[in-house]
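upload-v9.pdb follows (PDB, C-alpha atoms and all ligand atoms):
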ATOM      1  CA  MET A   1       9.440  24.585  -7.060  1.00  0.00           C
ATOM      2  CA  ALA A   2       9.821  24.913 -10.788  1.00  0.00           C
ATOM      3  CA  VAL A   3       9.565  28.073 -12.842  1.00  0.00           C
ATOM      4  CA  VAL A   4       6.262  29.934 -12.482  1.00  0.00           C
ATOM      5  CA  LEU A   5       5.119  32.591 -14.908  1.00  0.00           C
ATOM      6  CA  GLY A   6       3.647  35.879 -13.753  1.00  0.00           C
ATOM      7  CA  ALA A   7       1.985  38.867 -15.423  1.00  0.00           C
ATOM      8  CA  CYS A   8       0.448  42.225 -14.518  1.00  0.00           C
ATOM      9  CA  LEU A   9      -3.227  42.997 -15.165  1.00  0.00           C
ATOM     10  CA  CYS A  10      -2.756  44.073 -18.782  1.00  0.00           C
ATOM     11  CA  GLY A  11      -0.178  41.402 -19.569  1.00  0.00           C
ATOM     12  CA  GLY A  12       2.337  43.999 -20.730  1.00  0.00           C
ATOM     13  CA  ILE A  13       4.776  42.902 -18.059  1.00  0.00           C
ATOM     14  CA  THR A  14       5.559  39.213 -17.860  1.00  0.00           C
ATOM     15  CA  PHE A  15       8.119  37.657 -15.598  1.00  0.00           C
ATOM     16  CA  GLU A  16       9.091  34.348 -14.110  1.00  0.00           C
ATOM     17  CA  VAL A  17      10.158  33.232 -10.686  1.00  0.00           C
ATOM     18  CA  SER A  18      12.276  30.133 -10.212  1.00  0.00           C
ATOM     19  CA  GLY A  19      13.085  28.016  -7.216  1.00  0.00           C
ATOM     20  CA  SER A  20      11.481  28.425  -3.829  1.00  0.00           C
ATOM     21  CA  PRO A  21      10.750  31.742  -2.195  1.00  0.00           C
ATOM     22  CA  GLU A  22      12.471  32.484   1.084  1.00  0.00           C
ATOM     23  CA  ALA A  23       9.044  32.991   2.645  1.00  0.00           C
ATOM     24  CA  VAL A  24       5.394  33.404   1.739  1.00  0.00           C
ATOM     25  CA  LEU A  25       3.844  36.182   3.763  1.00  0.00           C
ATOM     26  CA  GLN A  26       0.278  37.086   4.518  1.00  0.00           C
ATOM     27  CA  CYS A  27       0.598  40.774   5.343  1.00  0.00           C
ATOM     28  CA  TYR A  28      -1.942  43.048   7.004  1.00  0.00           C
ATOM     29  CA  CYS A  29       0.180  46.213   6.990  1.00  0.00           C
ATOM     30  CA  ASN A  30      -1.278  49.562   6.014  1.00  0.00           C
ATOM     31  CA  HIS A  31       0.442  49.547   2.624  1.00  0.00           C
ATOM     32  CA  CYS A  32      -0.779  46.065   1.730  1.00  0.00           C
ATOM     33  CA  GLN A  33      -4.335  46.894   2.765  1.00  0.00           C
ATOM     34  CA  LYS A  34      -4.363  50.085   0.713  1.00  0.00           C
ATOM     35  CA  ASN A  35      -2.764  48.505  -2.292  1.00  0.00           C
ATOM     36  CA  ALA A  36      -4.877  45.356  -2.205  1.00  0.00           C
ATOM     37  CA  GLY A  37      -8.204  47.050  -1.502  1.00  0.00           C
ATOM     38  CA  GLY A  38      -8.753  44.304   1.045  1.00  0.00           C
ATOM     39  CA  PRO A  39      -7.591  43.115   4.463  1.00  0.00           C
ATOM     40  CA  PHE A  40      -4.258  41.608   3.366  1.00  0.00           C
ATOM     41  CA  GLN A  41      -1.919  40.631   0.551  1.00  0.00           C
ATOM     42  CA  ILE A  42      -0.143  37.338   0.062  1.00  0.00           C
ATOM     43  CA  VAL A  43       3.361  37.872  -1.216  1.00  0.00           C
ATOM     44  CA  ALA A  44       6.377  35.678  -1.878  1.00  0.00           C
ATOM     45  CA  LYS A  45       9.821  36.869  -0.855  1.00  0.00           C
ATOM     46  CA  TYR A  46      12.321  36.008  -3.576  1.00  0.00           C
ATOM     47  CA  ASP A  47      15.969  36.724  -4.005  1.00  0.00           C
ATOM     48  CA  LYS A  48      16.130  39.164  -6.929  1.00  0.00           C
ATOM     49  CA  ASP A  49      18.255  36.745  -8.946  1.00  0.00           C
ATOM     50  CA  LEU A  50      15.324  34.301  -9.009  1.00  0.00           C
ATOM     51  CA  VAL A  51      12.955  36.822 -10.599  1.00  0.00           C
ATOM     52  CA  ASN A  52      13.385  37.506 -14.300  1.00  0.00           C
ATOM     53  CA  ILE A  53      11.441  40.006 -16.359  1.00  0.00           C
ATOM     54  CA  LYS A  54      10.571  38.600 -19.764  1.00  0.00           C
ATOM     55  CA  THR A  55       8.616  41.438 -21.372  1.00  0.00           C
ATOM     56  CA  GLY A  56       7.617  44.997 -20.557  1.00  0.00           C
ATOM     57  CA  THR A  57      10.775  46.299 -18.894  1.00  0.00           C
ATOM     58  CA  ASP A  58       9.941  49.700 -20.418  1.00  0.00           C
ATOM     59  CA  LEU A  59       6.570  49.701 -18.602  1.00  0.00           C
ATOM     60  CA  LEU A  60       8.062  49.333 -15.129  1.00  0.00           C
ATOM     61  CA  LYS A  61       7.742  52.352 -12.842  1.00  0.00           C
ATOM     62  CA  HIS A  62       8.949  52.839  -9.280  1.00  0.00           C
ATOM     63  CA  TYR A  63       7.290  54.625  -6.443  1.00  0.00           C
ATOM     64  CA  VAL A  64       9.240  55.023  -3.220  1.00  0.00           C
ATOM     65  CA  LEU A  65       7.338  54.643   0.043  1.00  0.00           C
ATOM     66  CA  THR A  66       9.088  56.240   2.984  1.00  0.00           C
ATOM     67  CA  ASP A  67       6.461  55.909   5.730  1.00  0.00           C
ATOM     68  CA  THR A  68       7.354  52.301   6.463  1.00  0.00           C
ATOM     69  CA  GLN A  69       7.282  50.490   9.779  1.00  0.00           C
ATOM     70  CA  SER A  70      10.945  49.572   9.451  1.00  0.00           C
ATOM     71  CA  GLY A  71      11.984  53.155   8.707  1.00  0.00           C
ATOM     72  CA  TYR A  72      13.711  52.026   5.505  1.00  0.00           C
ATOM     73  CA  PRO A  73      12.280  53.010   2.130  1.00  0.00           C
ATOM     74  CA  LYS A  74      10.336  50.482   0.146  1.00  0.00           C
ATOM     75  CA  HIS A  75      10.204  50.613  -3.634  1.00  0.00           C
ATOM     76  CA  LYS A  76       6.864  49.727  -5.139  1.00  0.00           C
ATOM     77  CA  VAL A  77       7.337  48.547  -8.712  1.00  0.00           C
ATOM     78  CA  PHE A  78       4.270  48.734 -10.902  1.00  0.00           C
ATOM     79  CA  CYS A  79       3.056  48.656 -14.484  1.00  0.00           C
ATOM     80  CA  SER A  80       2.632  52.150 -15.931  1.00  0.00           C
ATOM     81  CA  ALA A  81       0.006  50.899 -18.392  1.00  0.00           C
ATOM     82  CA  CYS A  82      -2.423  49.190 -15.988  1.00  0.00           C
ATOM     83  CA  GLY A  83      -1.228  50.402 -12.565  1.00  0.00           C
ATOM     84  CA  CYS A  84      -0.808  46.905 -11.175  1.00  0.00           C
ATOM     85  CA  THR A  85       1.920  46.474  -8.544  1.00  0.00           C
ATOM     86  CA  VAL A  86       4.158  43.600  -9.523  1.00  0.00           C
ATOM     87  CA  TRP A  87       6.477  43.586  -6.513  1.00  0.00           C
ATOM     88  CA  THR A  88       8.053  45.705  -3.844  1.00  0.00           C
ATOM     89  CA  VAL A  89      11.710  45.996  -2.871  1.00  0.00           C
ATOM     90  CA  PRO A  90      12.323  46.573   0.839  1.00  0.00           C
ATOM     91  CA  MET A  91      15.509  48.621   0.942  1.00  0.00           C
ATOM     92  CA  ARG A  92      16.291  47.543   4.491  1.00  0.00           C
ATOM     93  CA  HIS A  93      18.604  44.922   2.987  1.00  0.00           C
ATOM     94  CA  GLY A  94      19.595  46.916  -0.102  1.00  0.00           C
ATOM     95  CA  ASP A  95      18.320  45.873  -3.505  1.00  0.00           C
ATOM     96  CA  VAL A  96      18.215  42.167  -2.637  1.00  0.00           C
ATOM     97  CA  TYR A  97      14.630  40.952  -2.523  1.00  0.00           C
ATOM     98  CA  ARG A  98      11.557  41.037  -4.718  1.00  0.00           C
ATOM     99  CA  ILE A  99       8.349  40.758  -2.715  1.00  0.00           C
ATOM    100  CA  VAL A 100       6.117  39.358  -5.432  1.00  0.00           C
ATOM    101  CA  ARG A 101       2.330  39.352  -5.303  1.00  0.00           C
ATOM    102  CA  VAL A 102       1.416  35.685  -5.622  1.00  0.00           C
ATOM    103  CA  THR A 103      -1.904  36.494  -7.303  1.00  0.00           C
ATOM    104  CA  LEU A 104       0.066  37.558 -10.389  1.00  0.00           C
ATOM    105  CA  LEU A 105       1.641  34.108 -10.681  1.00  0.00           C
ATOM    106  CA  GLU A 106      -0.102  31.260 -12.483  1.00  0.00           C
ATOM    107  CA  ASP A 107      -2.179  29.380  -9.900  1.00  0.00           C
ATOM    108  CA  GLY A 108      -0.325  31.491  -7.367  1.00  0.00           C
ATOM    109  CA  LEU A 109      -2.857  31.200  -4.573  1.00  0.00           C
ATOM    110  CA  LYS A 110      -2.743  27.408  -4.899  1.00  0.00           C
ATOM    111  CA  LYS A 111       1.008  27.114  -5.208  1.00  0.00           C
ATOM    112  CA  PHE A 112       2.051  29.622  -2.560  1.00  0.00           C
ATOM    113  CA  LYS A 113       0.578  29.088   0.883  1.00  0.00           C
ATOM    114  CA  PRO A 114       1.529  31.634   3.536  1.00  0.00           C
ATOM    115  CA  ASP A 115       3.967  30.368   6.147  1.00  0.00           C
ATOM    116  CA  LYS A 116       4.059  33.617   8.086  1.00  0.00           C
ATOM    117  CA  VAL A 117       1.523  36.296   9.021  1.00  0.00           C
ATOM    118  CA  LEU A 118       2.692  39.903   9.419  1.00  0.00           C
ATOM    119  CA  PHE A 119       0.918  42.723  11.290  1.00  0.00           C
ATOM    120  CA  GLU A 120      -1.817  40.353  12.390  1.00  0.00           C
ATOM    121  CA  GLU A 121      -2.864  42.898  15.005  1.00  0.00           C
ATOM    122  CA  ARG A 122      -4.331  44.915  12.147  1.00  0.00           C
ATOM    123  CA  LYS A 123      -6.657  42.067  11.248  1.00  0.00           C
ATOM    124  CA  LEU A 124     -10.268  42.937  11.964  1.00  0.00           C
ATOM    125  CA  ASP A 125     -12.009  41.160  14.809  1.00  0.00           C
ATOM    126  CA  GLU A 126     -14.548  38.706  13.534  1.00  0.00           C
TER     127      GLU A 126
HETATM  128 ZN    ZN A 201       0.147  46.107 -16.932  1.00  0.00          ZN
HETATM  129 ZN    ZN A 202       2.404  44.512   3.983  1.00  0.00          ZN
END
Show me, as structure tokens, the structure contained in the file I just sent.
Amino acid sequence: MAVVLGACLCGGITFEVSGSPEAVLQCYCNHCQKNAGGPFQIVAKYDKDLVNIKTGTDLLKHYVLTDTQSGYPKHKVFCSACGCTVWTVPMRHGDVYRIVRVTLLEDGLKKFKPDKVLFEERKLDE
């Protein structure tokens, strides 16, 4: 996949991802549900070297979640102007991955189809 541009809600932070993500995840975990305001989030797991911030580095803020399923902290990186989460960094592997919300990427929901579902047991019965 070629380079895809991404931005937070206010557009203060812009970034690009290049190449293919390691995985595209549809995640029903507690954190994703809370953060999305819906049943799940779709996120793309990228090596950090494939994610480049273009503007708004000064707007980036970190919040560290410690109540994770894995027991390892997870860094939530968000825009301090609009509050939008841009990605999370699961510290289980060290600072290696960027778990990017595909809805922030141009045509993200079209370009990134989930190939794995996580915490499906938390999905509501229909
Ligand atoms: Zn913003
Ligand atoms: Zn999740």
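For the structure in this document, the set picked by the PyMOL selection byres (((not hetatm)) within 12 of (chain A and resi 201)) is Gly6, Ala7, Cys8, Leu9, Cys10, Gly11, Gly12, Ile13, Thr14, Phe15, Thr55, Gly56, Thr57, Asp58, Leu59, Leu60, Lys61, Val77, Phe78, Cys79, Ser80, Ala81, Cys82, Gly83, Cys84, Thr85, Val86 and Leu104 of chain A.
The residues returned by the PyMOL selection byres (((chain A and resi 30) around 12) and not hetatm) for this structure are Cys27, Tyr28, Cys29, His31, Cys32, Gln33, Lys34, Asn35, Ala36, Gly37, Gly38, Pro39, Phe40, Gln41, Leu65, Asp67, Thr68, Gln69, Leu118, Phe119, Glu120, Glu121, Arg122 and Lys123 of chain A.
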Since we have the selection now, will you write its residues out, keeping C-alpha atoms, as a PDB file, in the coordinates of the input?
ATOM      1  CA  CYS A  27       0.598  40.774   5.343  1.00  0.00           C
ATOM      2  CA  TYR A  28      -1.942  43.048   7.004  1.00  0.00           C
ATOM      3  CA  CYS A  29       0.180  46.213   6.990  1.00  0.00           C
ATOM      4  CA  HIS A  31       0.442  49.547   2.624  1.00  0.00           C
ATOM      5  CA  CYS A  32      -0.779  46.065   1.730  1.00  0.00           C
ATOM      6  CA  GLN A  33      -4.335  46.894   2.765  1.00  0.00           C
ATOM      7  CA  LYS A  34      -4.363  50.085   0.713  1.00  0.00           C
ATOM      8  CA  ASN A  35      -2.764  48.505  -2.292  1.00  0.00           C
ATOM      9  CA  ALA A  36      -4.877  45.356  -2.205  1.00  0.00           C
ATOM     10  CA  GLY A  37      -8.204  47.050  -1.502  1.00  0.00           C
ATOM     11  CA  GLY A  38      -8.753  44.304   1.045  1.00  0.00           C
ATOM     12  CA  PRO A  39      -7.591  43.115   4.463  1.00  0.00           C
ATOM     13  CA  PHE A  40      -4.258  41.608   3.366  1.00  0.00           C
ATOM     14  CA  GLN A  41      -1.919  40.631   0.551  1.00  0.00           C
ATOM     15  CA  LEU A  65       7.338  54.643   0.043  1.00  0.00           C
ATOM     16  CA  ASP A  67       6.461  55.909   5.730  1.00  0.00           C
ATOM     17  CA  THR A  68       7.354  52.301   6.463  1.00  0.00           C
ATOM     18  CA  GLN A  69       7.282  50.490   9.779  1.00  0.00           C
ATOM     19  CA  LEU A 118       2.692  39.903   9.419  1.00  0.00           C
ATOM     20  CA  PHE A 119       0.918  42.723  11.290  1.00  0.00           C
ATOM     21  CA  GLU A 120      -1.817  40.353  12.390  1.00  0.00           C
ATOM     22  CA  GLU A 121      -2.864  42.898  15.005  1.00  0.00           C
ATOM     23  CA  ARG A 122      -4.331  44.915  12.147  1.00  0.00           C
ATOM     24  CA  LYS A 123      -6.657  42.067  11.248  1.00  0.00           C
TER      25      LYS A 123
END
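In this structure, CA of Ile42 in chain A sits 13.9 Å away from CA of Glu106 in chain A.
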Review point. Can you list, as a list of chain:residue names, every protein, DNA or RNA residue that comes within 10 Å of Pro90 in chain A when you count only C-alpha atoms, leaving out same-chain residues fewer than 2 positions away?
Key: A:Val64, A:Leu65, A:Thr68, A:Ser70, A:Tyr72, A:Pro73, A:Lys74, A:His75, A:Lys76, A:Trp87, A:Thr88, A:Arg92, A:His93, A:Gly94, A:Asp95, A:Val96, A:Tyr97, A:Arg98, A:Ile99
Write out, as a CSV table (one decimal), in the frame of the given file, the residues just selected, with C-alpha atoms.
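Listed below is the output, part.csv:
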chain,number,residue,atom,x,y,z
A,64,VAL,CA,9.2,55.0,-3.2
A,65,LEU,CA,7.3,54.6,0.0
A,68,THR,CA,7.4,52.3,6.5
A,70,SER,CA,10.9,49.6,9.5
A,72,TYR,CA,13.7,52.0,5.5
A,73,PRO,CA,12.3,53.0,2.1
A,74,LYS,CA,10.3,50.5,0.1
A,75,HIS,CA,10.2,50.6,-3.6
A,76,LYS,CA,6.9,49.7,-5.1
A,87,TRP,CA,6.5,43.6,-6.5
A,88,THR,CA,8.1,45.7,-3.8
A,92,ARG,CA,16.3,47.5,4.5
A,93,HIS,CA,18.6,44.9,3.0
A,94,GLY,CA,19.6,46.9,-0.1
A,95,ASP,CA,18.3,45.9,-3.5
A,96,VAL,CA,18.2,42.2,-2.6
A,97,TYR,CA,14.6,41.0,-2.5
A,98,ARG,CA,11.6,41.0,-4.7
A,99,ILE,CA,8.3,40.8,-2.7
Study note, to complete from the structure: Expressed in Å, the length from CA of Val51 in chain A to CA of Lys110 in chain A is 19.2 Å
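The interatomic distance for the pair CA of Val3 in chain A and CA of Asn52 in chain A works out to 10.3 Å.
Residue nearest ligand ZN 202 (chain A), chosen from A:Ala23, A:Val102, A:Ile53, A:Val117 and counting only C-alpha atoms and all ligand atoms: A:Val117.
If you measure from each of A:Asp47, A:Gly19, A:Val24, A:Asp107 to ligand ZN 202 (chain A) using only C-alpha atoms and all ligand atoms, the closest one turns out to be A:Val24.
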Point to revise | Residue among A:His62, A:Lys54, A:Arg101, A:Lys48 lying closest to ligand ZN 202 (chain A), counting only C-alpha atoms and all ligand atoms | key: A:Arg101
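Nearest to ligand ZN 202 (chain A) of all the residues A:Phe112, A:Asp49, A:Leu124, A:Leu25 is A:Leu25, based on only C-alpha atoms and all ligand atoms.
Using only C-alpha atoms and all ligand atoms, the smallest distance between any of A:Val43, A:Leu109, A:Met91, A:Val4 and ligand ZN 202 (chain A) comes from A:Val43.
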Review point. For Ser18 in chain A, which residue among A:Ala44, A:Val89, A:Leu50, A:Leu105 is the nearest when counting only C-alpha atoms?
Key: A:Leu50
Kindly compute an axis-aligned box around the listed atoms of range 117-125 of chain A, allowing 6 Å on each side, and express its centre and edge lengths in Å to one decimal as AutoDock Vina command-line options.
--center_x -4.7 --center_y 40.6 --center_z 12.0 --size_x 26.7 --size_y 20.6 --size_z 18.0
